[in-house]
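K.L.:
Below you'll find the structure I mean.
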Amino acid sequence: MNKNIKHIALLVFVLFAINFIANKAYKRFDLTTDKRYTLSEAAENIVNNIESPLVIDVFLEGNDFPSEFRRLQRETTELLEEFKAKNKNIVFNFINPLENEDTRDRNIEQLTRRGLTPMQLTVQENGKSSQAIIFPWALASYNEQTVIIPLVKNKIGASQQELVTNSVQHLEYAFADAFSKLTQAKSKKIAILKGNKQLEDKYIADFVKTIGEYYLIAPFTLDSVATNPKKTLHDLSQFDLIISAKPLEPFTEEEKFVLDQYTMNGGKSLWLIDAVAMEKDSLYNDAGRNFAVGRDLKLTDYFFNYGVRINPVITSTLYSAPITLAMGTGSNSQFQHLRWPYSPLAGSNNTHAITNNLDLVKFDFANQIDTLKNSIKKTILLETAPLTRLEGIPREISLNIVTQEQDPSTFNKGKQNLAVLLEGEFTSAYNNRVKPFSLSQIKNKSVPTKMVVIADGNIIKNDVSRNTPQELGFDKWTGKLYGNKEFLLNTVNYLLDDNGLINIRTKEISVAFLNQEKIAEQKTMWQLINIVLPLLLLAIFGILFTYIRKRKYSA
């Protein structure tokens, strides 16, 4: 008896000790093959800096969600639980803004006014189709600041399952990026170059506003190079990144030397260059045509030395965005979306942090980039579809092409490079050359740095309606939102990212879905298997048990 009491007491003590240790040494184990519940190091570092309550309101809540979006809802919950496990200051709530019929319309209006637009979905379950409205957004609040978090990653032409798969892969980055905005002070500085007839402020307003959430922005003119190049270089060196958005005026040798030495000292740069002078607006005349000619910005030798060359040709492709024109006469005219080969839709098959899970990017009269052999690492960020041709200049561009049937066999140049990332130690474009002006310290080899060259300046240009800048990448005629803004934002983040946050975008998560058609077809069969089969097995077991028992004891 005493021995049993000792064993019971020992067991109780062991259980108590295990429970005490488990509470003190809390540990979660991620047994998934894709490590979807293991936060990246960059995300953990951001979360660890949260020192007061960070409240997240998630509006992805409802009872009539399609099964795919219930999956997104569950993945969002599990990710937020991982964040909360790392830092107890993170608090999250799921809210259904459509639950109360009395406040439904008011909630929709208020959320839409804040930029949280609803999403209409088709629900196909049990062989029936219906419509549902959801709000795939979250709001994160910290120290009296609030940021909007998109939970759905749109992609042109994607099914609902593909949409959810893309969104699940994007979740950790979306939340970590929001936390970073709320908790980390702006420190990096970006110079928007002026002085060479770059795009006016109103045409880059939406993008500048977007990157202004992350960085300090200021205009910078190179005009002072003519009078005081040394001071210009010194002032430019205070910036971490320069952006030159569609310059139209050639660069002088003094300006190029300042930019070259800026790069040699580790400065990053984003170049959006048009090597051909041609605008869509210039076609809207009585003749409906205009001539495309070369635009020499005097940058050919500059980029050539770094390993790229922007060729003065126009890329046209059958896989492009449409042009919207009024067809017909008088009151019978109607706006129509017509095939327009000069607006290539570019994408990428690589999983680089800038382009992974990225929607198509719209170009207008884009040129083509060649990469040259040197020590610089080159990554093709965006390229055209395989059915592409290169059109030399000068040439006449006419709107009449929309009425002409295109011969696919003439689009035989394959994929063409439109955006290239350069990384490494650059050699000065003025190495072994006469310098435009003297400096006390001239560098012929850079420290490791980065540069992105894009062969079209229009991808950063937003439309302007009634003198109000519109969202970058949005086509008001078709209602489509292209990936221009996200691509450029990812590019800037990658060029300036020191904590590795942008690399979360490369994380691959496999999301498996049930086949809805098979579910509808085989519903009855599986119901029978799940309900009748267990009862049948139980009956067989009972009969065998009774038979064996009778046989055993009757003997």
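Naming works like this for the structure tokens: A, B, ... for the chains as they're shown, residue 1 at the start of each chain, ligands 1 onward in shown order.
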List as number ranges by chain the protein and nucleic acid residues near region 417-423 of chain A, meaning an atom at most 9 Å away when only C-alpha atoms are counted, but skip any in the same chain fewer than 3 places from it.
P.N.:
A: 306-308, 310, 346, 363, 366-371, 376-384, 426, 448-456, 491
K.L.:
Taking the backbone alone, and naming residues the way the document does, which bits of region 365-537 of chain A are helix (DSSP H, G or I) by DSSP, as a PyMOL selection string?
P.N.:
chain A and resi 399-403+408-410+458-460+484-496+501-506+516-537
K.L.:
Limited to C-alpha atoms, could you put the picked residues into a file as a PDB file, in the first residue's frame?
P.N.:
```pdb
ATOM      1  CA  LEU A 399      -3.373  54.066 -84.808  1.00  0.00           C
ATOM      2  CA  ASN A 400      -4.556  52.231 -87.916  1.00  0.00           C
ATOM      3  CA  ILE A 401      -2.576  49.212 -86.736  1.00  0.00           C
ATOM      4  CA  VAL A 402      -5.496  48.333 -84.428  1.00  0.00           C
ATOM      5  CA  THR A 403      -7.612  47.461 -87.488  1.00  0.00           C
ATOM      6  CA  PRO A 408       2.299  35.985 -85.537  1.00  0.00           C
ATOM      7  CA  SER A 409       5.223  34.719 -87.636  1.00  0.00           C
ATOM      8  CA  THR A 410       6.685  38.252 -87.702  1.00  0.00           C
ATOM      9  CA  ASN A 458       6.370  55.461 -68.636  1.00  0.00           C
ATOM     10  CA  ILE A 459       6.097  52.604 -66.148  1.00  0.00           C
ATOM     11  CA  ILE A 460       6.474  55.130 -63.300  1.00  0.00           C
ATOM     12  CA  ASN A 484       3.812  48.820 -62.004  1.00  0.00           C
ATOM     13  CA  LYS A 485       3.659  50.344 -58.524  1.00  0.00           C
ATOM     14  CA  GLU A 486       4.406  47.100 -56.704  1.00  0.00           C
ATOM     15  CA  PHE A 487       7.339  46.354 -59.021  1.00  0.00           C
ATOM     16  CA  LEU A 488       8.901  49.780 -58.517  1.00  0.00           C
ATOM     17  CA  LEU A 489       8.259  49.703 -54.763  1.00  0.00           C
ATOM     18  CA  ASN A 490       9.867  46.253 -54.515  1.00  0.00           C
ATOM     19  CA  THR A 491      12.794  47.573 -56.559  1.00  0.00           C
ATOM     20  CA  VAL A 492      13.370  50.543 -54.247  1.00  0.00           C
ATOM     21  CA  ASN A 493      12.950  48.355 -51.159  1.00  0.00           C
ATOM     22  CA  TYR A 494      15.457  45.854 -52.518  1.00  0.00           C
ATOM     23  CA  LEU A 495      18.005  48.533 -53.399  1.00  0.00           C
ATOM     24  CA  LEU A 496      17.783  50.056 -49.909  1.00  0.00           C
ATOM     25  CA  LEU A 501      12.684  42.230 -45.180  1.00  0.00           C
ATOM     26  CA  ILE A 502      12.137  42.211 -48.947  1.00  0.00           C
ATOM     27  CA  ASN A 503      13.583  38.681 -49.131  1.00  0.00           C
ATOM     28  CA  ILE A 504      10.518  37.334 -47.319  1.00  0.00           C
ATOM     29  CA  ARG A 505       8.828  37.599 -50.731  1.00  0.00           C
ATOM     30  CA  THR A 506      10.863  34.628 -51.958  1.00  0.00           C
ATOM     31  CA  GLN A 516     -14.851  21.321 -55.967  1.00  0.00           C
ATOM     32  CA  GLU A 517     -16.105  19.460 -59.053  1.00  0.00           C
ATOM     33  CA  LYS A 518     -15.183  16.091 -57.577  1.00  0.00           C
ATOM     34  CA  ILE A 519     -16.764  17.100 -54.268  1.00  0.00           C
ATOM     35  CA  ALA A 520     -20.062  17.835 -56.040  1.00  0.00           C
ATOM     36  CA  GLU A 521     -19.907  14.630 -58.115  1.00  0.00           C
ATOM     37  CA  GLN A 522     -18.814  12.253 -55.347  1.00  0.00           C
ATOM     38  CA  LYS A 523     -20.562  13.852 -52.380  1.00  0.00           C
ATOM     39  CA  THR A 524     -23.096  11.033 -51.899  1.00  0.00           C
ATOM     40  CA  MET A 525     -20.490   8.292 -52.218  1.00  0.00           C
ATOM     41  CA  TRP A 526     -18.200   9.797 -49.575  1.00  0.00           C
ATOM     42  CA  GLN A 527     -21.102  10.489 -47.245  1.00  0.00           C
ATOM     43  CA  LEU A 528     -22.032   6.803 -47.449  1.00  0.00           C
ATOM     44  CA  ILE A 529     -18.415   5.777 -46.868  1.00  0.00           C
ATOM     45  CA  ASN A 530     -18.095   8.036 -43.825  1.00  0.00           C
ATOM     46  CA  ILE A 531     -21.473   7.211 -42.275  1.00  0.00           C
ATOM     47  CA  VAL A 532     -22.442   3.696 -43.381  1.00  0.00           C
ATOM     48  CA  LEU A 533     -18.996   2.042 -43.481  1.00  0.00           C
ATOM     49  CA  PRO A 534     -18.164   2.678 -39.777  1.00  0.00           C
ATOM     50  CA  LEU A 535     -21.586   1.305 -38.776  1.00  0.00           C
ATOM     51  CA  LEU A 536     -21.080  -1.722 -40.995  1.00  0.00           C
ATOM     52  CA  LEU A 537     -17.637  -2.396 -39.555  1.00  0.00           C
TER      53      LEU A 537
END
```
K.L.:
May I ask for the distance between CA of Gln145 (chain A) and CA of Ser167 (chain A), given in Å to one decimal place?
P.N.:
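That distance, rounded to one decimal, is 24.8 Å.
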K.L.:
Which one is closest to Ser237 (chain A): A:Gly414, A:Pro219, A:Pro118, A:Gly267? Count only C-alpha atoms.
P.N.:
A:Gly267
K.L.:
For a test of reading the model, state the distance in Å between CA of Asn107 (chain A) and CA of Ile134 (chain A), rounded to one decimal.
P.N.:
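Between these atoms lies a distance of 12.1 Å.
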K.L.:
Can you work out which one of A:Pro436, A:Ile156, A:Ile149, A:Gly328 has the shortest atom-to-atom distance to Leu116 (chain A), counting only C-alpha atoms?
P.N.:
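Using only C-alpha atoms, Leu116 (chain A) sits closest to A:Ile149.
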K.L.:
Would you kindly return, as a ChimeraX atom specification, each protein, DNA or RNA residue with an atom no farther than 6 Å from any atom of Ile56 (chain A), considering only C-alpha atoms and excluding same-chain residues fewer than 6 positions away?
P.N.:
/A:92,139-140
K.L.:
Could you save the residues just selected, with all heavy atoms, as a JSON list (two decimals), in the first residue's frame?
P.N.:
```
[["chain", "number", "residue", "atom", "x", "y", "z"],
["A", 92, "PHE", "N", -4.70, 40.77, -31.91],
["A", 92, "PHE", "CA", -5.47, 40.79, -33.15],
["A", 92, "PHE", "C", -6.91, 40.37, -32.91],
["A", 92, "PHE", "O", -7.22, 39.58, -32.02],
["A", 92, "PHE", "CB", -4.82, 39.91, -34.22],
["A", 92, "PHE", "CG", -4.76, 38.45, -33.90],
["A", 92, "PHE", "CD1", -5.78, 37.58, -34.29],
["A", 92, "PHE", "CD2", -3.67, 37.91, -33.23],
["A", 92, "PHE", "CE1", -5.72, 36.24, -34.01],
["A", 92, "PHE", "CE2", -3.60, 36.55, -32.94],
["A", 92, "PHE", "CZ", -4.63, 35.72, -33.32],
["A", 139, "LEU", "N", -6.22, 46.35, -40.54],
["A", 139, "LEU", "CA", -5.68, 47.63, -40.07],
["A", 139, "LEU", "C", -4.79, 47.35, -38.86],
["A", 139, "LEU", "O", -5.21, 46.67, -37.93],
["A", 139, "LEU", "CB", -6.81, 48.59, -39.67],
["A", 139, "LEU", "CG", -7.70, 49.14, -40.79],
["A", 139, "LEU", "CD1", -8.82, 49.98, -40.19],
["A", 139, "LEU", "CD2", -6.89, 49.97, -41.77],
["A", 140, "ALA", "N", -3.57, 47.86, -38.91],
["A", 140, "ALA", "CA", -2.64, 47.71, -37.79],
["A", 140, "ALA", "C", -2.41, 49.08, -37.16],
["A", 140, "ALA", "O", -2.06, 50.03, -37.86],
["A", 140, "ALA", "CB", -1.33, 47.10, -38.25]]
```
K.L.:
Between A:Ile133, A:Leu79, A:Ala205, A:Leu54, single out the one closest to Gln470 (chain A), counting only C-alpha atoms.
P.N.:
A:Ala205
K.L.:
As a ChimeraX atom specification, please: the residues near region 253-263 of chain A (cut-off 9 Å, only C-alpha atoms, same-chain neighbours under 3 positions excluded).
P.N.:
/A:222-223,225-226,229-230,232-234,236-237,266-269,298-299,302,426,428-430,435-437,442-444,446-447,449-451
K.L.:
I'd like the interatomic distance between CA of His352 (chain A) and CA of Thr388 (chain A), to a tenth of an Å.
P.N.:
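Between these atoms lies a distance of 23.5 Å.
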K.L.:
Extract the full set of strand (DSSP E) residues from region 142-214 of chain A according to DSSP on the backbone, and format it as a VMD selection string.
P.N.:
chain A and resid 142 145 to 150 189 to 194
K.L.:
Give me the residues within 10 Å of Pro469 (chain A) as a PyMOL selection string, counting only C-alpha atoms and dropping any in the same chain fewer than 4 places off.
P.N.:
chain A and resi 201-206+461-465
K.L.:
Can you list every residue of region 362-445 of chain A that has an atom at most 10 Å from region 283-296 of chain A, with its nearest atom pair and the distance in Å to one decimal, using only C-alpha atoms, ordered by chain then number, as a tab-separated table?
P.N.:
```
residue	atom	partner	partner_atom	distance
A:Phe365	CA	A:Ala292	CA	9.5
A:Gly392	CA	A:Ala292	CA	9.2
A:Ile393	CA	A:Val293	CA	5.7
A:Pro394	CA	A:Val293	CA	4.7
A:Arg395	CA	A:Ala292	CA	5.5
A:Glu396	CA	A:Phe291	CA	4.4
A:Ile397	CA	A:Asn290	CA	5.5
A:Ser398	CA	A:Arg289	CA	4.2
A:Leu399	CA	A:Gly288	CA	5.5
A:Asn400	CA	A:Gly288	CA	7.5
```
